[in-house]
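Trainee: Dropping a structure here in structure tokens format, bear with me for questions.
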Amino acid sequence: MNLRKIKNALIRITSTIVVVLITIPLLWIIFDVFIKGISVIGLEFLISLPAPIGEGGGIANAILGTLIINAMACAIGLPLGIATGIYLSEYSNDSTFSTFIRTIIYTLSGVPSIILGLFAFALIVIRIGHYTAIAAAFALSIIVIPIVAKATEEGMRAVSIEIREGAFALGLPKWIVVTKIILGVAKSSIITSSLLAFARISGETAPLLFTALFSYYWPRGINEPMASLQVLIYNYAMSGFEAWVIRAWGASLLLLLLVLFINILVRRISTR
Amino acid sequence: MYKLRVNGLSAWFQNKQVLFDIHLEFPEKKVIAIIGPSGCGKTTFLRCLNRMHELTPGARVEGKVILDGKDIYSEMDAMEVRRKIGMVFQKPNPFPHMSIYDNVVAGLKLMGIRDRKILDGIVERKLKEVGLWDEVCNDLKRSGAQLSGGQQQRLCIARALATEPEVLLMDEPTSSLDPASSARVEALIRVLKNNTTIVIVTHNIQQAARISDFTAFIYNGKLIEYGETKEIFESPKDPLTEKYITGRFG
């Protein structure tokens with residue numbers, strides 16, 4: 001065996017071992033959450049409110065709360081993110097200003113989410129005097145914006161000059177070329193990034209602790225404290241009560257399944 | 001009598017001049033071939049005829065292009081010009097996110113024409129005109145990007161024709177196609193000239209001889225010779241033209 005073959009085998013074996021090693025904890029987490037969470041998941045768990053300790057109860061308000069907060073965060077973040085992406089790709093002319101904006105936006109995606117939570121807390125919660133789901137949606141929308149803006153910009157930039165010229169040659173004005181042709185071609189990368197952003201904010205807990213906090217009741221309005229799966233897991237897991245800890249595992253499993261489902265969906269859309 | 005008259009046309013990319021004071025007249029419902037070696041400016045010339053040249057950053061044009069008595073640069077807006085002077089590109093470029101149906105009527109639908117009956121009629125008529133109807137009439141909902149290269153190019157021709165342009169510009173429309181598909185497009189051009197003035201850029205001299213009524217030879221951004229195709233090919237007046245069409249350079 002010559003040296004080249006030895007090197008080849010070495011690299012192949014090392015990388016295989018590393019892949020196996022990092023897959024183990026990943027599968028372990030999924031397996032563990034599944035085993036501990038599955039026993040508690042049932043109809044009552046999914047459709048009823050939390051009950052006092054020892055009396056069963058469910059997490060329906062937290063499921064609904066997470067969906068409402070996420071929906072609000074997307075309602076704010078998606079249009080702003082997409083509009084930003086359109087600007088950066090089609091109208092910025094690569095000026096110094098646009099480089100500045102791009103740097104700001106992509107730095108935003110690196111800001112720890114707890115800081116976004118504190119920001120929303122200072123800006124909204126302190127000012128209006130109580131915890132509110134609106135502040136939560138605001139904090140999470142700041143996570144959504146850079147993800148979607150980046151994907152929109154890259155997706156639109158990838159549309160070839162041939163397609164663009166084909167559209168202009170039909171006598172279409174620029175705004176139609178941008179919104180109906182270029183945005184249309186880039187649609188699937190925008191949809192997948194939106195789904196991934198949704199999955200990402202479904203797991204964010206720190207911003208919610210400062211903003212929506214928690215509630216043991218059904219959401220009463222968007223300007224109220226609101227339950228969420230993330231904060232429920234945090235509260236219940238730390239409670240020390242067996243019945244709550246096991247419900248925290250159940251809620252974790254639900255979140256995991258949601259994220260898994262979204263990722264499978266994304267994979268199907270992007271390979272279509 | 002003349003559909004399009006080019007008057008003192010010069011064009012630049014940044015500071016580099018690529019077309020020099022071109023004067024030409026295109027008679028109505030004829031096929032005019034623009035020939036010349038690679039990089040001579042023939043594509044740029046074509047793109048000046050429907051104001052596509054100005055889309056390139058740093059590009060500039062001087063001179064007049066007169067369509068039916070109106071200068072397309074000073075008396076019409078670019079969108080109007082491009083609807084009246086359609087274009088087919090070197091590489092087929094159907095909109096990949098649209099069905100075959102929507103590709104054909106893209107120019108109409110996106111400009112607000114929604115009447116299903118009108119659109120249905122145009123799709124059928126234009127696809128028949130380009131000889132694609134029989135091949136695709138059962139799956140008009142399929143993506144235009146799934147067609148073969150030759151079918152895609154005919155789809156793009158149908159798309160350009162759907163807005164009823166008076167002039168059709170074709171930039172080497174067969175250069176990316178196989179011989180059979182090329183022959184179909186050439187046959188189509190002969191039919192289209194019954195209604196449309198066609199300006200076609202080609203690097204294929206035989207193709208120019210086969211399908212055009214008039215030929216313009218451009219070299220280094222200058223118009224060297226222009227006249228009836230028969231004359232250009234049988235008795236070129238300029239020695240450069242003769243050299244080029246006999247294949248001694250280019």
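Identifiers in this document derive from the order of the structure tokens: chains are assigned A, B, ..., residues are numbered from 1 separately in each chain, and ligands are numbered from 1 in order of occurrence.
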What lies within 10 Å of B:Gly8 using only C-alpha atoms, ignoring chain neighbours under 5 positions off, as number ranges by chain?

Mentor: B: 19-24, 62-65

Trainee: If you keep N, CA, C and O atoms, can you produce a file of those selected residues as a PDB file, in the first residue's frame?

Mentor:
```pdb
ATOM      1  N   LEU B  19     -20.636  50.460 -31.203  1.00  0.00           N
ATOM      2  CA  LEU B  19     -21.318  50.653 -32.492  1.00  0.00           C
ATOM      3  C   LEU B  19     -21.027  52.063 -32.981  1.00  0.00           C
ATOM      4  O   LEU B  19     -21.016  53.014 -32.195  1.00  0.00           O
ATOM      5  N   PHE B  20     -20.778  52.179 -34.278  1.00  0.00           N
ATOM      6  CA  PHE B  20     -20.349  53.467 -34.832  1.00  0.00           C
ATOM      7  C   PHE B  20     -21.299  53.942 -35.929  1.00  0.00           C
ATOM      8  O   PHE B  20     -21.319  53.368 -37.018  1.00  0.00           O
ATOM      9  N   ASP B  21     -22.127  54.922 -35.596  1.00  0.00           N
ATOM     10  CA  ASP B  21     -22.897  55.658 -36.596  1.00  0.00           C
ATOM     11  C   ASP B  21     -23.531  54.757 -37.661  1.00  0.00           C
ATOM     12  O   ASP B  21     -23.215  54.853 -38.848  1.00  0.00           O
ATOM     13  N   ILE B  22     -24.454  53.918 -37.219  1.00  0.00           N
ATOM     14  CA  ILE B  22     -25.069  52.968 -38.161  1.00  0.00           C
ATOM     15  C   ILE B  22     -26.356  53.547 -38.762  1.00  0.00           C
ATOM     16  O   ILE B  22     -27.203  54.102 -38.044  1.00  0.00           O
ATOM     17  N   HIS B  23     -26.458  53.457 -40.090  1.00  0.00           N
ATOM     18  CA  HIS B  23     -27.677  53.877 -40.803  1.00  0.00           C
ATOM     19  C   HIS B  23     -28.230  52.668 -41.543  1.00  0.00           C
ATOM     20  O   HIS B  23     -27.494  52.009 -42.265  1.00  0.00           O
ATOM     21  N   LEU B  24     -29.534  52.399 -41.351  1.00  0.00           N
ATOM     22  CA  LEU B  24     -30.133  51.196 -41.938  1.00  0.00           C
ATOM     23  C   LEU B  24     -31.638  51.384 -42.044  1.00  0.00           C
ATOM     24  O   LEU B  24     -32.226  52.101 -41.240  1.00  0.00           O
ATOM     25  N   GLU B  62     -26.644  56.575 -28.687  1.00  0.00           N
ATOM     26  CA  GLU B  62     -26.937  57.842 -29.366  1.00  0.00           C
ATOM     27  C   GLU B  62     -27.513  57.542 -30.730  1.00  0.00           C
ATOM     28  O   GLU B  62     -27.250  56.500 -31.307  1.00  0.00           O
ATOM     29  N   GLY B  63     -28.276  58.491 -31.268  1.00  0.00           N
ATOM     30  CA  GLY B  63     -28.864  58.295 -32.581  1.00  0.00           C
ATOM     31  C   GLY B  63     -30.340  57.963 -32.473  1.00  0.00           C
ATOM     32  O   GLY B  63     -30.909  57.994 -31.387  1.00  0.00           O
ATOM     33  N   LYS B  64     -30.945  57.683 -33.619  1.00  0.00           N
ATOM     34  CA  LYS B  64     -32.382  57.455 -33.625  1.00  0.00           C
ATOM     35  C   LYS B  64     -32.732  56.076 -34.169  1.00  0.00           C
ATOM     36  O   LYS B  64     -32.044  55.555 -35.053  1.00  0.00           O
ATOM     37  N   VAL B  65     -33.791  55.489 -33.602  1.00  0.00           N
ATOM     38  CA  VAL B  65     -34.382  54.277 -34.175  1.00  0.00           C
ATOM     39  C   VAL B  65     -35.853  54.605 -34.359  1.00  0.00           C
ATOM     40  O   VAL B  65     -36.572  54.822 -33.385  1.00  0.00           O
TER      41      VAL B  65
END
```

Trainee: Using 6 Å as the limit and counting only C-alpha atoms, can you tabulate each residue of chain A that touches chain B, with its shortest atom-to-atom distance in Å and the two atoms involved, as CSV?

Mentor:
```
residue,atom,partner,partner_atom,distance
A:Ile163,CA,B:Asn93,CA,5.6
A:Ala169,CA,B:Arg82,CA,5.5
A:Leu170,CA,B:Gly107,CA,5.5
A:Gly171,CA,B:Met79,CA,4.2
A:Val185,CA,B:His97,CA,5.3
```

Trainee: Give the answer as one residue: which of B:Ile66, B:Met170, B:Ile200, B:Val130 has the shortest atom-to-atom distance to B:Glu25, using only C-alpha atoms?

Mentor: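 Nearest to B:Glu25: B:Ile66.
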
Trainee: Show which residues sit within 8 Å of stretch 64-76 of chain A, as an MDAnalysis selection string. Count only C-alpha atoms, and ignore same-chain residues fewer than 4 positions away.

Mentor: chainID A and resid 60 80 133:134 136:141 144 198 201:202 219 226:230

Trainee: Calculated over only C-alpha atoms, which of the candidates B:Asn138, B:Ser176, B:Gln206, B:Asn7 has the smallest distance to B:Lys70?

Mentor: B:Asn7

Trainee: Out of stretch 60-192 of chain B, which residues get helix (DSSP H, G or I) from DSSP, as a VMD selection string?

Mentor: chain B and resid 78 to 84 100 to 104 106 to 109 116 to 129 133 to 136 144 to 146 149 to 161 179 to 192

Trainee: For each of A:Ser194, A:Ser160, A:Thr211, A:Thr103, take the minimum atom-to-atom distance to A:Ala120, counting only C-alpha atoms, then give the residue where this is smallest.

Mentor: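 Using only C-alpha atoms, the shortest distance to A:Ala120 belongs to A:Thr211.
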
Trainee: Using Å and a single decimal, report how far atom CA of A:Ala206 sits from atom CA of A:Ile114.

Mentor: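 One can read the atom CA of A:Ile114 to atom CA of A:Ala206 distance as 5.0 Å.
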
Trainee: Compile the contact shell of A:Ala151 as a ChimeraX atom specification: residues with an atom at most 8 Å away, counting only C-alpha atoms, same-chain residues fewer than 4 positions apart removed.

Mentor: /A:85,147,155,189-190,193

Trainee: So what do you get for atom CA of B:Gly41 versus atom CA of B:Lys222, distance-wise?

Mentor: 8.3 Å

Trainee: Just to confirm, what's the straight-line distance from atom CA of A:Thr16 to atom CA of A:Leu3 in Å (one decimal)?

Mentor: 19.9 Å

Trainee: Which of these residues is nearest to B:Ile205, using only C-alpha atoms: B:Ala33, B:Gly121, B:Glu135, B:Arg184?

Mentor: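 Ranked by minimum distance to B:Ile205, first place goes to B:Ala33.
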
Trainee: Set the distance at 10 Å and use only C-alpha atoms: which residues neighbour A:Pro52 once local chain neighbours fewer than 6 positions away are removed? I'd like the list as a PDB file with C-alpha atoms, in the first residue's frame.

Mentor:
```
ATOM      1  CA  TYR A 216     -52.241  28.866  33.304  1.00  0.00           C
ATOM      2  CA  ALA A 243     -46.392  15.100  37.354  1.00  0.00           C
ATOM      3  CA  TRP A 244     -45.118  18.405  35.949  1.00  0.00           C
TER       4      TRP A 244
END
```

Trainee: Identify, on the basis of only C-alpha atoms, every residue whose closest approach to B:Lys141 does not exceed 7 Å; exclude the query and any residue fewer than 5 positions from it along the same chain; express the result as a JSON list (two decimals) with all heavy atoms, in the first residue's frame.

Mentor:
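What follows is the written file result.json:
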```
[["chain", "number", "residue", "atom", "x", "y", "z"],
["B", 99, "SER", "N", -46.49, 27.77, -15.75],
["B", 99, "SER", "CA", -46.90, 26.69, -16.64],
["B", 99, "SER", "C", -46.68, 27.12, -18.09],
["B", 99, "SER", "O", -46.40, 28.29, -18.38],
["B", 99, "SER", "CB", -48.38, 26.38, -16.41],
["B", 99, "SER", "OG", -49.14, 27.51, -16.78],
["B", 100, "ILE", "N", -46.82, 26.16, -19.00],
["B", 100, "ILE", "CA", -46.72, 26.46, -20.43],
["B", 100, "ILE", "C", -47.73, 27.55, -20.79],
["B", 100, "ILE", "O", -47.41, 28.55, -21.44],
["B", 100, "ILE", "CB", -46.97, 25.19, -21.25],
["B", 100, "ILE", "CG1", -45.83, 24.19, -21.01],
["B", 100, "ILE", "CG2", -47.12, 25.50, -22.74],
["B", 100, "ILE", "CD1", -46.07, 22.82, -21.59],
["B", 101, "TYR", "N", -48.96, 27.35, -20.31],
["B", 101, "TYR", "CA", -50.05, 28.30, -20.57],
["B", 101, "TYR", "C", -49.66, 29.71, -20.12],
["B", 101, "TYR", "O", -49.72, 30.67, -20.88],
["B", 101, "TYR", "CB", -51.30, 27.82, -19.82],
["B", 101, "TYR", "CG", -52.55, 28.64, -20.04],
["B", 101, "TYR", "CD1", -53.56, 28.18, -20.88],
["B", 101, "TYR", "CD2", -52.75, 29.86, -19.39],
["B", 101, "TYR", "CE1", -54.72, 28.92, -21.06],
["B", 101, "TYR", "CE2", -53.89, 30.61, -19.57],
["B", 101, "TYR", "CZ", -54.89, 30.13, -20.40],
["B", 101, "TYR", "OH", -56.03, 30.87, -20.60]]
```

Trainee: Please provide the set of residues having any atom within 12 Å of A:Met156, restricted to only C-alpha atoms, with same-chain residues fewer than 4 positions apart removed, written as a PyMOL selection string.

Mentor: chain A and resi 82-91+148-152+160-161+163-164+177-190

Trainee: Produce a file of the selected residues containing C-alpha atoms, as an mmCIF file, in the first residue's frame.

Mentor:
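So part-v5.cif came out as:
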```cif
data_model
loop_
_atom_site.group_PDB
_atom_site.id
_atom_site.type_symbol
_atom_site.label_atom_id
_atom_site.label_comp_id
_atom_site.auth_asym_id
_atom_site.auth_seq_id
_atom_site.Cartn_x
_atom_site.Cartn_y
_atom_site.Cartn_z
ATOM 1 C CA ILE A 82 -39.015 39.786 2.318
ATOM 2 C CA ALA A 83 -39.155 43.525 1.605
ATOM 3 C CA THR A 84 -35.591 43.894 2.875
ATOM 4 C CA GLY A 85 -34.447 41.023 0.658
ATOM 5 C CA ILE A 86 -36.157 42.581 -2.368
ATOM 6 C CA TYR A 87 -34.452 45.895 -1.702
ATOM 7 C CA LEU A 88 -31.005 44.373 -1.241
ATOM 8 C CA SER A 89 -31.288 42.202 -4.340
ATOM 9 C CA GLU A 90 -33.074 44.482 -6.804
ATOM 10 C CA TYR A 91 -32.907 48.129 -5.752
ATOM 11 C CA VAL A 148 -35.955 35.590 5.603
ATOM 12 C CA ALA A 149 -34.162 38.682 4.269
ATOM 13 C CA LYS A 150 -31.027 36.693 3.550
ATOM 14 C CA ALA A 151 -32.882 33.849 1.837
ATOM 15 C CA THR A 152 -34.969 36.293 -0.214
ATOM 16 C CA SER A 160 -30.487 34.458 -14.141
ATOM 17 C CA ILE A 161 -30.006 37.500 -16.333
ATOM 18 C CA ILE A 163 -34.938 35.206 -17.206
ATOM 19 C CA ARG A 164 -34.845 38.883 -16.216
ATOM 20 C CA VAL A 177 -40.660 41.961 -13.256
ATOM 21 C CA VAL A 178 -39.510 42.099 -9.633
ATOM 22 C CA THR A 179 -42.726 40.982 -7.927
ATOM 23 C CA LYS A 180 -44.157 38.523 -10.444
ATOM 24 C CA ILE A 181 -41.146 37.070 -12.194
ATOM 25 C CA ILE A 182 -38.059 37.304 -9.976
ATOM 26 C CA LEU A 183 -39.924 36.899 -6.691
ATOM 27 C CA GLY A 184 -41.960 34.109 -8.287
ATOM 28 C CA VAL A 185 -38.866 32.186 -9.329
ATOM 29 C CA ALA A 186 -37.372 32.690 -5.866
ATOM 30 C CA LYS A 187 -40.608 31.633 -4.164
ATOM 31 C CA SER A 188 -39.512 28.228 -2.929
ATOM 32 C CA SER A 189 -36.395 29.537 -1.203
ATOM 33 C CA ILE A 190 -38.527 32.197 0.511
#
```
